[in-house]
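Quick notes on the structure that follows.
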Amino acid sequence: MSTEPNPPVFLGFDFSTQQLKVVAIDENLAVIHQNNVQFDSELPEFSTRGGVHVHADGLTVTSPVLMWVKALDLLLDRMKRAGFDFSRVRALSGAGQQHGSVYWKTGASETLKNLDPEQNLHQLLQDSFSVLNSPVWMDSSSSQQCNDLQTAVGGALRLAEITGSRAYERFTGNQIAKLWQTRPREYQDTERISLVSSFAASLFLGDYAAVDFSDGSGMNLLDIRSRAWSQVCLDATAPHLDRLLGEPQPSTSVLGRISAYFVHRYGFSKSCSVVTFTGDNPASLAGMRLQPGDVAVSLGTSDTVFTWIQQPCPATEGHVFCNPIKWQEYMALLCFKNGSLTRERIRDECAGGSWERFSDALRTTPLGNHGNIGFYFDSMEITPPAVGVHLFGTDDTQVYRQTMMMMMMMMVVVTSLSPQMEVRALVEGQFLSRRLYAERLGYSIIPGTCVLATGGASSNRDILQVLSDVFNAPVYTIDVSNSTCLGSAYRALHSLVAESGVSFADVVKNAQEPQLAVTPDPRAQQVYDHMLKRYARLEDRVLQKMHP
Ligand SMILES: Nc1ncnc2c1ncn2[C@@H]1O[C@H](COP(=O)(O)OP(=O)(O)O)[C@@H](O)[C@H]1O
Ligand SMILES: O=C(CO)[C@@H](O)[C@H](O)COP(=O)(O)O
């Protein structure tokens with residue numbers, strides 16, 4: 001333990017979909033400060049819902065880049081007012097929602113290097129972006145560009161072998177291709193393209209920050225084995241792209257010292273290091289101190305399932321990213337778009353807007369929900385690519401939701417689900433899907449398997465109980481539900497000793513162990529092994545109907 005009068009502090013930021021968050025830890029890994037800014041409610045002038053704008057086509061989804069900048073002003077001002085001592089910060093790092101892209105206008109690097117500490121970043125960077133609305137991970141409007149890329153490299157599997165994933169609409173390369181094809185003037189007026197993570201790092205650095213290997217794996221542009229941009233992918237995407245992207249770097253690199261702007265405006269030390277920012281899921285892997293064999297389930301805006309893997313085995317479903325801790329290794333990830341926002345919709349419609357009543361519904365309905373199974377794809381799902389709500393009864397016939405309108409029109413309702421059963425149908429359906437795709441990716445439930453849960457909804461014990469039952473495994477959580485921020489703060493701390501060969505595991509070995517949250521019901525295996533098979537069969541039917 002340090003005896004210095006001003007013992008060091010490490011900051012971890014998370015520029016996620018719905019909010020900007022920060023966690024500060026001391027050198028003993030204890031959390032000493034947490035703060036956040038909610039985009040919708042605290043920056044209403046940007047008129048976002050869930051942090052984003054869904055465009056009229058229902059496919060294009062963007063967020064205002066200046067909203068992220070203004071959120072940082074607000075967060076740091078708030079910390080200063082709360083008496084947070086920035087001079088103690090020895091290093092900072094962070095994360096961003098994955099895949100989103102930021103387009104810096106020609107001349108912006110000069111602005112970044114000469115920020116006037118008398119003004120806020122939002123004023124200073126007003127004119128620094130060639131695209132004001134950044135495409136984000138919820139976007140699914142680049143199908144044409146995905147097809148083009150796969151054709152250019154020799155098919156979906158070939159692309160997955162190179163970049164870790166087949167072409168996905170939200171992946172940055174396909175978004176860049178769309179921009180180049182539909183708005184060439186904005187593309188030409190761009191001097192640098194950042195991910196949300198490297199954009200945030202650039203603000204702190206006062207210069208363009210490198211894209212790291214791990215978040216860079218979510219672009220359909222990086223060769224995950226050589227860890228360099230894939231020339232065939234760059235060529236198929238847009239002109240002189242390597243120049244616009246800069247060289248990718250290991251996720252553990254120290255980018256440099258903090259910009260003088262933050263020293264003068266907030267009192268940071270001149271020697272504070274800025275460590276490469278990465279994607280929110282990779283940072284979360286660090287925050288949960290995931291080990292090979294563990295499976296993590298993040299219940300944030302998106303639901304994700306991820307594991308640490310040693311060797312990549314890319315497939316046409318799911319993603320392989322470079323590992324953010326050990327650059328020679330990898331992580332496998334599945335992403336589901338209809339996560340918390342869909343749970344919120346059903347909470348509002350079936351539980352009067354209350355998480356407490358949502359939980360009651362889970363507690364008062366039986367495992368297996370009398371054989372009813374639900375698919376809730378409010379917006380075009382990523383895994384699998386399907387849309388719409390589909391409910392099935394015990395005999396696999398389609399079940400309809402009973403509505404006032406139906407009753408008034410005397411329509412025949414085959415059967416109907418009570419609001420409580422609908423809550424269970426949603427949550428069971430979500431977790432059956434997470435398990436189904438995890439198993440298809442090679443993850444298997446064996447004695448000793450444990451699930452680590454994180455993200456906003458992991459604070460709900462009843463949701464975790466369903467997760468535990470469906471996976472038939474104990475579920476653990478860590479104290480700080482935001483493992484992304486925590487992982488970023490750990491990464492900042494590790495960066496100071498990484499060069500001298502100290503491992504990440506060594507640096508975080510004294511962190512509090514994950515706590516057991518729930519264990520599976522003894523009847524769970526029997527119920528859900530069978531239900532999973534039915535779920536897979538019914539999902540085929542849903543997909544068949546969509547893509548005959
Ligand atoms: N008690 C709760 N039960 C279920 N879900 C919750 C609860 N509290 C918060 N959430 C969910 O957490 C989500 C936010 O999770 P978070 O991990 O902070 O998201 P992100 O990092 O994507 O901004 C909200 O959309 C909300 O639905
Ligand atoms: O697209 C993905 C992962 O591939 C998403 O997981 C985003 O990274 C958004 O994260 P959250 O804001 O939901 O944490």
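As shown in the structure tokens, the chain order sets the letters A, B, ...; within each chain, residues go from 1, and ligands are also counted from 1 in the order they appear.
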
Within 6 Å of ligand 1, counting only C-alpha atoms and all ligand atoms: which residues, as a PDB file with C-alpha atoms, in the first residue's frame?
```pdb
ATOM      1  CA  SER A  16     -21.801   3.059 -24.094  1.00  0.00           C
ATOM      2  CA  THR A  17     -25.098   3.202 -25.947  1.00  0.00           C
ATOM      3  CA  GLN A  18     -27.248   4.940 -23.365  1.00  0.00           C
ATOM      4  CA  GLN A  19     -24.778   6.732 -21.139  1.00  0.00           C
ATOM      5  CA  GLY A 300     -26.669  -4.086 -21.211  1.00  0.00           C
ATOM      6  CA  THR A 301     -28.514  -2.370 -24.045  1.00  0.00           C
ATOM      7  CA  SER A 340     -32.664  -4.547 -22.344  1.00  0.00           C
ATOM      8  CA  LEU A 341     -34.824  -2.343 -24.566  1.00  0.00           C
ATOM      9  CA  GLU A 344     -38.201  -2.598 -20.945  1.00  0.00           C
ATOM     10  CA  TRP A 355     -39.025  -3.995 -12.491  1.00  0.00           C
ATOM     11  CA  GLY A 455     -24.522  -5.080 -17.374  1.00  0.00           C
ATOM     12  CA  GLY A 456     -27.554  -3.119 -16.130  1.00  0.00           C
ATOM     13  CA  ALA A 457     -29.993  -6.051 -15.944  1.00  0.00           C
ATOM     14  CA  SER A 459     -28.749  -6.244 -10.878  1.00  0.00           C
ATOM     15  CA  ASN A 460     -32.064  -8.141 -11.204  1.00  0.00           C
TER      16      ASN A 460
END
```

Ligand 2: which residues are within 10 Å, counting only C-alpha atoms and all ligand atoms? Reply as an NGL selection string. :A and (14-20 or 50-51 or 95-100 or 136-139 or 168 or 170-171 or 196 or 215 or 217-219 or 279-282 or 284 or 298-306 or 318-319 or 321 or 333-341 or 382 or 454-456 or 482 or 484)

When you look at Cys272 in chain A with a cut-off of 10 Å (counting only C-alpha atoms), what residues show up, excluding the ones that are within fewer than 5 positions of it in the same chain? I need them as a ChimeraX atom specification. /A:10,86-92,256-259,263

Selection near range 123-129 of chain A, 8 Å with only C-alpha atoms, sequence-local residues under 4 positions removed, as a PyMOL selection string: chain A and resi 66+102-108+111-112+115-116+119+190

So that I can check the secondary structure, give me every residue of range 76-223 of chain A assigned helix (DSSP H, G or I) by backbone DSSP, as a ChimeraX atom specification. /A:76-81,86-88,108-113,121-124,143-153,156-163,172-182,184-188,196-205,213-216

For each of A:Met79, A:Leu426, A:Leu195, A:Ile373, take the minimum atom-to-atom distance to Gly173 in chain A, counting only C-alpha atoms, then give the residue where this is smallest.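 Closest to Gly173 in chain A of all the choices is A:Leu195.
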
Could you pull out the strand (DSSP E) residues of range 78-173 of chain A from DSSP and send them as a VMD selection string? chain A and resid 89 to 96 101 to 105 133 to 135

Could you name the residues that touch Ile445 in chain A at 9 Å or less, counting only C-alpha atoms, but leaving out those on the same chain fewer than 4 positions away, as a PyMOL selection string? chain A and resi 439+449-450+471-473

To one decimal place, how far is CA of Asp360 in chain A from CA of Gly393 in chain A in Å? 22.2 Å

Report the distance between CA of Gln310 in chain A and CA of Phe213 in chain A in Å, rounded to one decimal place.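 Pair CA of Gln310 in chain A / CA of Phe213 in chain A returns 15.4 Å.
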
Which residues are close to Leu43 in chain A, i.e. within 10 Å by only C-alpha atoms, leaving aside same-chain residues fewer than 5 positions away? Reply as a CSV table (one decimal) with N, CA and C atoms, in the first residue's frame.
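After the write, around.csv holds the following:
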```csv
chain,number,residue,atom,x,y,z
A,37,VAL,N,-23.4,9.9,-17.0
A,37,VAL,CA,-24.3,10.9,-17.6
A,37,VAL,C,-25.2,10.1,-18.5
A,38,GLN,N,-26.6,10.2,-18.3
A,38,GLN,CA,-27.5,9.5,-19.2
A,38,GLN,C,-27.8,10.4,-20.4
A,48,THR,N,-32.5,12.0,-28.2
A,48,THR,CA,-32.3,10.5,-28.5
A,48,THR,C,-33.2,9.7,-27.6
A,51,GLY,N,-30.3,6.6,-26.3
A,51,GLY,CA,-29.0,7.1,-26.8
A,51,GLY,C,-28.9,7.1,-28.3
A,67,MET,N,-23.0,14.8,-28.9
A,67,MET,CA,-23.7,14.4,-27.7
A,67,MET,C,-22.6,13.7,-26.8
A,68,TRP,N,-21.8,12.9,-27.4
A,68,TRP,CA,-20.8,12.2,-26.6
A,68,TRP,C,-19.8,13.2,-26.1
A,70,LYS,N,-20.3,16.4,-25.5
A,70,LYS,CA,-20.9,17.2,-24.4
A,70,LYS,C,-21.1,16.4,-23.1
A,71,ALA,N,-21.3,15.1,-23.3
A,71,ALA,CA,-21.5,14.2,-22.1
A,71,ALA,C,-20.1,14.2,-21.3
A,74,LEU,N,-19.8,17.3,-19.3
A,74,LEU,CA,-20.7,17.3,-18.2
A,74,LEU,C,-20.2,16.4,-17.1
```

Using only C-alpha atoms for the distances, tell me which of A:Ser379, A:Asn372, A:Ser468, A:Thr316 is nearest to Leu391 in chain A. A:Asn372

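Summary of the local environment: counting only C-alpha atoms, residues at most 9 Å from Ile346 in chain A, other than itself and those fewer than 2 positions away along its chain, are Leu341, Thr342, Arg343, Glu344, Asp348, Glu349, Cys350, Ala351, Gly353, Phe358, Pro419, Glu422, Val423 and Leu426 of chain A.
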
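Using only C-alpha atoms, the smallest distance between any of A:Gly293, A:Cys322, A:His122, A:Asn133 and Asp212 in chain A comes from A:Cys322.
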
Between CA of Leu132 in chain A and CA of Val65 in chain A - distance in Å to one decimal: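 Value for the CA of Val65 in chain A-CA of Leu132 in chain A distance: 5.8 Å.
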
If you take only C-alpha atoms and a cut-off of 12 Å, which residues of range 25-86 of chain A touch range 512-519 of chain A, and what are their nearest atom pairs and distances in Å to one decimal, in chain and number order, as JSON lines?
```
{"residue": "A:Asn28", "atom": "CA", "partner": "A:Gln512", "partner_atom": "CA", "distance": 10.5}
{"residue": "A:Leu29", "atom": "CA", "partner": "A:Gln512", "partner_atom": "CA", "distance": 8.6}
{"residue": "A:Ala30", "atom": "CA", "partner": "A:Gln512", "partner_atom": "CA", "distance": 8.9}
{"residue": "A:Val31", "atom": "CA", "partner": "A:Gln512", "partner_atom": "CA", "distance": 10.9}
```
